[in-house]
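These notes are about the structure you will find just below.
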Amino acid sequence: MAETEDFVGQEPHPVDDDLFKEPMKKRRRSDRDQRFRAFPSVEQSALKEYEKLETRTRRVLSNTYQKLIQSVFLDDSIPNGVKYLINRLLTLIEKPSLDAIYIGLFGSTGAGKSSLINAIIQQAMFLPVSGESLCTSCIVQVRSGCCEQYEAKIHLLSDQEWKEELKTLTKLLHRTEELGGEEVDAWDRDEVMEEAIWKLQILYGNGAEKKNYEELLRAKPKGKIPTSRIITLKAEEAGELSVKLDPYIRTKRRDWLGESAETQIWPLIKHVEVTLPKSELIPEGVVLVDIPGTGDFNSKRDEMWKKTIDKCSVIWVISDIERVSGGRAHEDLLNESIKACQRGFCRDIALVVTKTDKLYLPEYLRERKVGNQAIQSQREAVLERNEMIKIQRNRILKEKLKRKLPVDCKVLEASNVVYTVSAQEYWQQALLTEEETEIPKLREYIRKRLLDKKRRMVTKYVTEAFGLLLLTDSFSCTDNLPSEYLHMSGLRGFVEEKIQLLEKAIDRCFAPIVQPLQEGVRNARTSYRRILGACLVRSRGNRGFHQTLKAVCLKNGIYASRTLARIDLNAAITQPIYDQIDPVFGGIFRAGTPTNSALIPHIDAFKHSLQEKMMEIGIRNGRKHDSYKKSFLIQEISAILGGLEEHILRKKRKIYESLTTSVQNDLKPCYEEAAQITGKKACERMKDIIRRGVDRQVAEGMFERAQERMQHQFQQLKNGITEKVKSSIATMLTLASSQGDGLYKELADVKSEYKEMEKLHRSLREVAENAVLRQGMQDFLLRMSPSKAGPPRT
């Protein structure tokens with residue numbers, strides 16, 4: 001998964017062949033209309049209006065772009081201002097209509113993730129459902145598109161990525177003749193070794209586990225591996241694609257008899273992307289991601305697992321009704337989701353309790369409090385129990401979030417963060433109505449999320465386009481050009497002063513992290529031995545733990561398995577630091593009203609101060625072309641600082657993970673030493689090396705170094721912000737200054753495009769008001785209409 005650029009700068013680019021390339025072709029009207037099939041009529045109307053605004057804006061931008069290209073095509077030297085405009089226009093024209101909204105379904109095997117996705121997309125057995133012998137074995141992304149067929153792309157590990165895993169697997173399986181009988185017995189029962197043997201046998205056949213790394217490199221895999229490392233499957237019907245896809249994303253038991261050609265390459269599968277055609281239930285622009293709960297042994301797959309979690313703007317923690325009340329796995333999932341809020345793009349967390357139709361009535365009635373209203377049926381008991389679960393888990397989850405996130409975090413404002421769903425009842429409706437299964441409620445959540453994002457995106461897009469057309473029109477006009485009405489020298493001085501104030505504000509914003517960092521370091525120093533001991537000691541002794549620990553060491557302190565709980569020694573011993581800094585860290589990167597501890601509001605305040613200054617300039621001068629420049633400056637400031645906000649959000653992951661990364665780097669030598677241990681009492685000797693290595697590093701200041709590295713990352717972020725602001729705004733002011741530097745020339749007339757863009761900009765408010773009015777009318781009609789809930793089946 002390629003990462004996007006850190007920051008989209010606003011500086012003019014050199015002119016090259018790309019300057020004259022054709023913009024992307026527009027989407028056909030019939031295809032555009034299909035995007036709204038998942039929405040009810042009121043939401044469809046709003047989306048169509050926003051889509052129309054966006055389409056017309058793109059057309060105006062494209063026409064302006066073509067006129068500019070034609071006017072400079074034969075010129076030997078193109079003014080910098082025109083270069084800037086051409087590149088900015090092309091960037092806007094080719095900007096995606098909407099960045100996808102990733103909704104991560106995060107849960108353990110058997111929690112019901114696949115069943116839930118199947119119900120949401122209305123395809124009963126589309127994704128494999130975990131059973132006695134089968135489970136989803138990799139990250140699966142499901143989205144709706146405008147294609148006519150069902151399509152799946154199966155991405156495989158590259159040749160180099162597999163070689164790295166193969167080397168680790170063969171090291172893991174290495175035996176020596178020095179092993180005693182007791183340890184051979186423990187080894188034979190080790191889950192990690194069984195997993196390694198299984199992978200090699202699937203890919204290379206029986207006996208592969210006895211071969212060394214060089215022999216396996218020369219061996220030919222049983223299955224056919226495409227050179228592109230991508231397998232594409234297509235089908236006319238969902239069931240047909242499901243059958244084709246089934247062997248790739250299901251993991252069978254090791255003793256399962258019969259093996260297809262597809263399952264012979266299962267260890268190489270990295271992730272799967274599935275595209276549905278024109279779904280009436282899931283809107284285009286939404287990606288549902290089935291995320292395994294523990295990561296992966298392969299380093300690249302595990303890194304992708306973390307990045308996938310971090311790029312989800314919404315995370316649904318999936319837990320079935322029988323496991324929701326506790327257990328380590330459930331708590332680990334919640335903790336990892338909260339970390340995604342800290343380090344990634346996640347803005348919303350919810351707990352989705354699955355299989356809520358399950359209830360043993362006699363036991364429930366026996367445990368039910370005396371004095372409650374009598375229960376007449378299984379259905380009433382299920383509904384009552386589900387409502388109780390909602391109330392209890394909603395309170396518990398919010399209390400947990402409050403301890404880790406800022407008090408004004410948006411997820412804490414939600415009245416309810418718990419859903420109780422039943423995929424089985426959605427299909428059967430033996431006890432519950434469709435609405436009571438809460439599958440429609442999840443679909444409604446998805447639609448509203450997308451509609452809100454589309455509204456914000458189009459508003460920003462049209463406003464940014466309008467600013468560019470303002471400047472383009474002023475560039476193309478030669479009236480009164482020799483005069484300079486904008487007081488640029490005073491404006492530059494004002495900007496320099498505001499940038500200095502911004503630097504000081506950022507310092508104040510980052511300052512509160514120092515004390516909890518120091519306190520966290522003190523706590524880590526006093527608790528690391530206890531935490532490390534809990535990670536290294538197993539209640540049943542070393543039986544079945546020898547190779548697991550070796551895998552941990554081979555992966556520098558981290559081991560992820562589909563069947564075992566995730567082990568991360570680096571994260572465990574730094575957790576006391578995170579416990580102290582989490583609320584403050586979240587406060588630094590939150591949005592909201594300006595405070596000393598919130599970074600983004602400081603950026604917004606800086607933006608508003610510059611825009612207010614531009615307004616004063618426009619009022620003081622009152623000249624037409626200065627007014628154009630003033631409006632352009634106001635809009636471009638939003639564009640520049642909007643890109644800066646994205647840059648900040650991407651950088652925060654590196655800052656947040658700097659503690660564990662620092663500790664992992666310091667402990668790498670001791671992990672490597674422990675991984676080499678073989679022979680008698682190897683497990684205890686590995687533990688001893690790890691303990692002594694951690695003790696030595698702590699004595700030498702390991703936690704203090706981690707603190708310094710995090711503070712250094714904050715300093716780098718501050719420097720990056722100020723440097724980008726200075727360079728981008730300096731370029732922008734130069735463009736808006738006089739034509740004496742050769743920035744202007746006579747261009748093609750774009751007055752008609754400017755007038756059209758002006759109308760579109762005015763239409764934004766009207767479209768927003770229409771959407772509010774329609775929603776209000778719909779809400780009124782729903783309140784006035786009789787309840788549509790029919791009598792339940794019994």
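Simple scheme: letters A, B, ... for chains in structure tokens order, numbers from 1 for residues in each chain, numbers from 1 for ligands in the order shown.
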
Need the shell around segment 141-155 of chain A: protein/DNA/RNA residues with any atom at most 8 Å away, counting only C-alpha atoms. Skip same-chain ones fewer than 6 positions apart. Format as a PyMOL selection string? chain A and resi 31+34-35+229-238+241+245+248+269-279+282-290

Can you pull out the residues contacting segment 521-529 of chain A? Cut-off 10 Å, using only C-alpha atoms, and skip same-chain residues under 2 positions away; I want them as a PyMOL selection string. chain A and resi 515-519+531-535+572-580+691+694-695+698-699+701-707

Give the alpha helix (DSSP H) residues of segment 497-656 of chain A, as assigned by DSSP on the backbone, as JSON, numbers by chain. {"A": [497, 498, 499, 500, 501, 502, 503, 504, 505, 506, 507, 508, 509, 510, 514, 515, 516, 517, 518, 519, 520, 521, 522, 523, 524, 525, 526, 527, 528, 529, 530, 531, 532, 533, 534, 535, 536, 546, 547, 548, 549, 550, 551, 552, 553, 554, 569, 570, 571, 572, 573, 574, 575, 576, 577, 578, 579, 580, 581, 582, 583, 584, 585, 586, 587, 588, 599, 600, 601, 602, 603, 604, 605, 606, 607, 608, 609, 610, 611, 612, 613, 614, 615, 616, 617, 618, 619, 620, 621, 624, 625, 626, 627, 628, 629, 630, 631, 632, 633, 634, 635, 636, 637, 638, 639, 640, 641, 642, 643, 644, 645, 646, 647, 648, 649, 650, 651, 652, 653, 654, 655, 656]}

Every residue of segment 46-272 of chain A that DSSP places in strand (DSSP E or B), as JSON, numbers by chain: {"A": [101, 102, 103, 104, 105, 106, 107, 134, 135, 136, 139, 140, 141, 142, 143, 144, 145, 150, 151, 152, 153, 154, 155, 156, 230, 231, 232, 233, 234, 235, 250, 251, 252, 269, 270, 271, 272]}

Please determine, counting only C-alpha atoms, which residue among A:Ser377, A:Gln44, A:Gln70, A:Thr57 has the shortest atom-to-atom distance to Tyr754 of chain A.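 Looking only at the distances to Tyr754 of chain A, the closest residue turns out to be A:Thr57.
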
Pick out the residues sitting within 6 Å of Val418 of chain A, and hand them over as a list in words; count only C-alpha atoms, and ignore anything fewer than 2 positions along from it in its own chain.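 Contacts, with the query itself left out: Ala350, Leu351, Val352, Lys390, Asn394 and Asn416 of chain A.
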
Pick from A:Pro221, A:Pro440, A:Gly344, A:Gly293 nearest to Ile120 of chain A, counting only C-alpha atoms: A:Pro440

Using only C-alpha atoms, find the one residue out of A:Ile338, A:Leu633, A:Val462, A:Leu491 that sits nearest to Lys759 of chain A.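 Checking each of A:Ile338, A:Leu633, A:Val462, A:Leu491 against Lys759 of chain A, counting only C-alpha atoms, the winner is A:Val462.
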